[in-house]
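Reading through the structure tokens given below for one structure.
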Amino acid sequence: MDLENQKRVLELTEANGAENILVLLGAAEGEASGLAAETVTAGDPTYAGPLTGVQLGLTVYHICEPEIKAEIDEAVWDEQVSMMEMVLDVDDIHNEMESIRSEYCKYL
């Protein structure tokens, strides 16, 4: 997650409360999704951005996870996400995200 997005997440969390924030990711790989998820939950693991040492514990999901897919209108899903879903390793992404949520999320 780049430094500007870390700053945005921090500002939104401070303004609205961590319990009111859900971070929705769309990275193409489980590892990249996990790194971004860890950043918004446990703090920036690269020690480079505004979230270094900041444990927000935010709720975080990937767009292709079943919990999110179930909430999106089917026509919108087909138009906006279904092509991406076909080429991603959704199981790997889901496993990575579940691992991060179970370890670091405070607001599930």
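FYI, nothing fancy with the structure tokens labels: chains A, B, ... in order, residues from 1 per chain, ligands from 1 as they appear.
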
Item to check | Residue list (helix (DSSP H, G or I), DSSP) for chain A, as a ChimeraX atom specification | outcome: /A:3-16,18-20,30-41,66-69,74-80,82-87,90-104

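Counting only C-alpha atoms, Asn95 in chain A has the following residues at most 12 Å away, ignoring those fewer than 6 positions along the same chain: Glu29, Gly30, Glu31, Ser33, Gly34, Tyr61, His62, Cys64, Glu65, Pro66, Asp89, Arg101 and Ser102 of chain A.
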
Residue selection dump (C-alpha atoms) as an mmCIF file, in the first residue's frame:
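Result file follows (result35.cif):
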data_model
loop_
_atom_site.group_PDB
_atom_site.id
_atom_site.type_symbol
_atom_site.label_atom_id
_atom_site.label_comp_id
_atom_site.auth_asym_id
_atom_site.auth_seq_id
_atom_site.Cartn_x
_atom_site.Cartn_y
_atom_site.Cartn_z
ATOM 1 C CA GLU A 29 -2.229 -11.882 -5.636
ATOM 2 C CA GLY A 30 -2.694 -13.264 -2.150
ATOM 3 C CA GLU A 31 0.693 -12.013 -0.991
ATOM 4 C CA SER A 33 -3.425 -8.505 -0.602
ATOM 5 C CA GLY A 34 -1.979 -9.832 2.639
ATOM 6 C CA TYR A 61 -11.628 -7.872 2.750
ATOM 7 C CA HIS A 62 -10.698 -8.536 -0.864
ATOM 8 C CA CYS A 64 -13.359 -11.443 -4.617
ATOM 9 C CA GLU A 65 -14.088 -12.932 -1.208
ATOM 10 C CA PRO A 66 -17.480 -14.645 -0.889
ATOM 11 C CA ASP A 89 -6.368 -17.478 -7.387
ATOM 12 C CA ARG A 101 -8.330 -10.939 9.836
ATOM 13 C CA SER A 102 -8.123 -13.663 12.459
#

Next on the checklist: Using only C-alpha atoms, which protein or nucleic acid residues come within 12 Å of Glu14 in chain A? Drop anything in the same chain fewer than 6 positions from it, and give the result as a ChimeraX atom specification.
Outcome noted: /A:7-8,20-21,54,56,58

Next on the checklist: With only C-alpha atoms as the counted atoms, please give the residues lying no more than 12 Å from Leu88 in chain A, apart from itself and same-chain residues fewer than 2 positions off, as a ChimeraX atom specification.
Outcome noted: /A:26-30,33,62-65,81-86,90-94

Checklist entry - Looking only at the backbone, which of the residues in chain A does DSSP tag as strand (DSSP E), as a ChimeraX atom specification? => result /A:22-25,59-62

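With only C-alpha atoms as the atoms that count, the residue of A:Cys105, A:Ala36, A:Trp77, A:Glu96 with the shortest distance to Gly57 in chain A is A:Cys105.
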
Item to check | Atom-to-atom span, CA of Gly49 in chain A and CA of Val23 in chain A, Å | outcome: 17.2 Å

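The nearest approach to Asp44 in chain A among the residues A:Asp2, A:Glu11, A:Glu98, A:Glu103, with only C-alpha atoms taken into account, belongs to A:Asp2.
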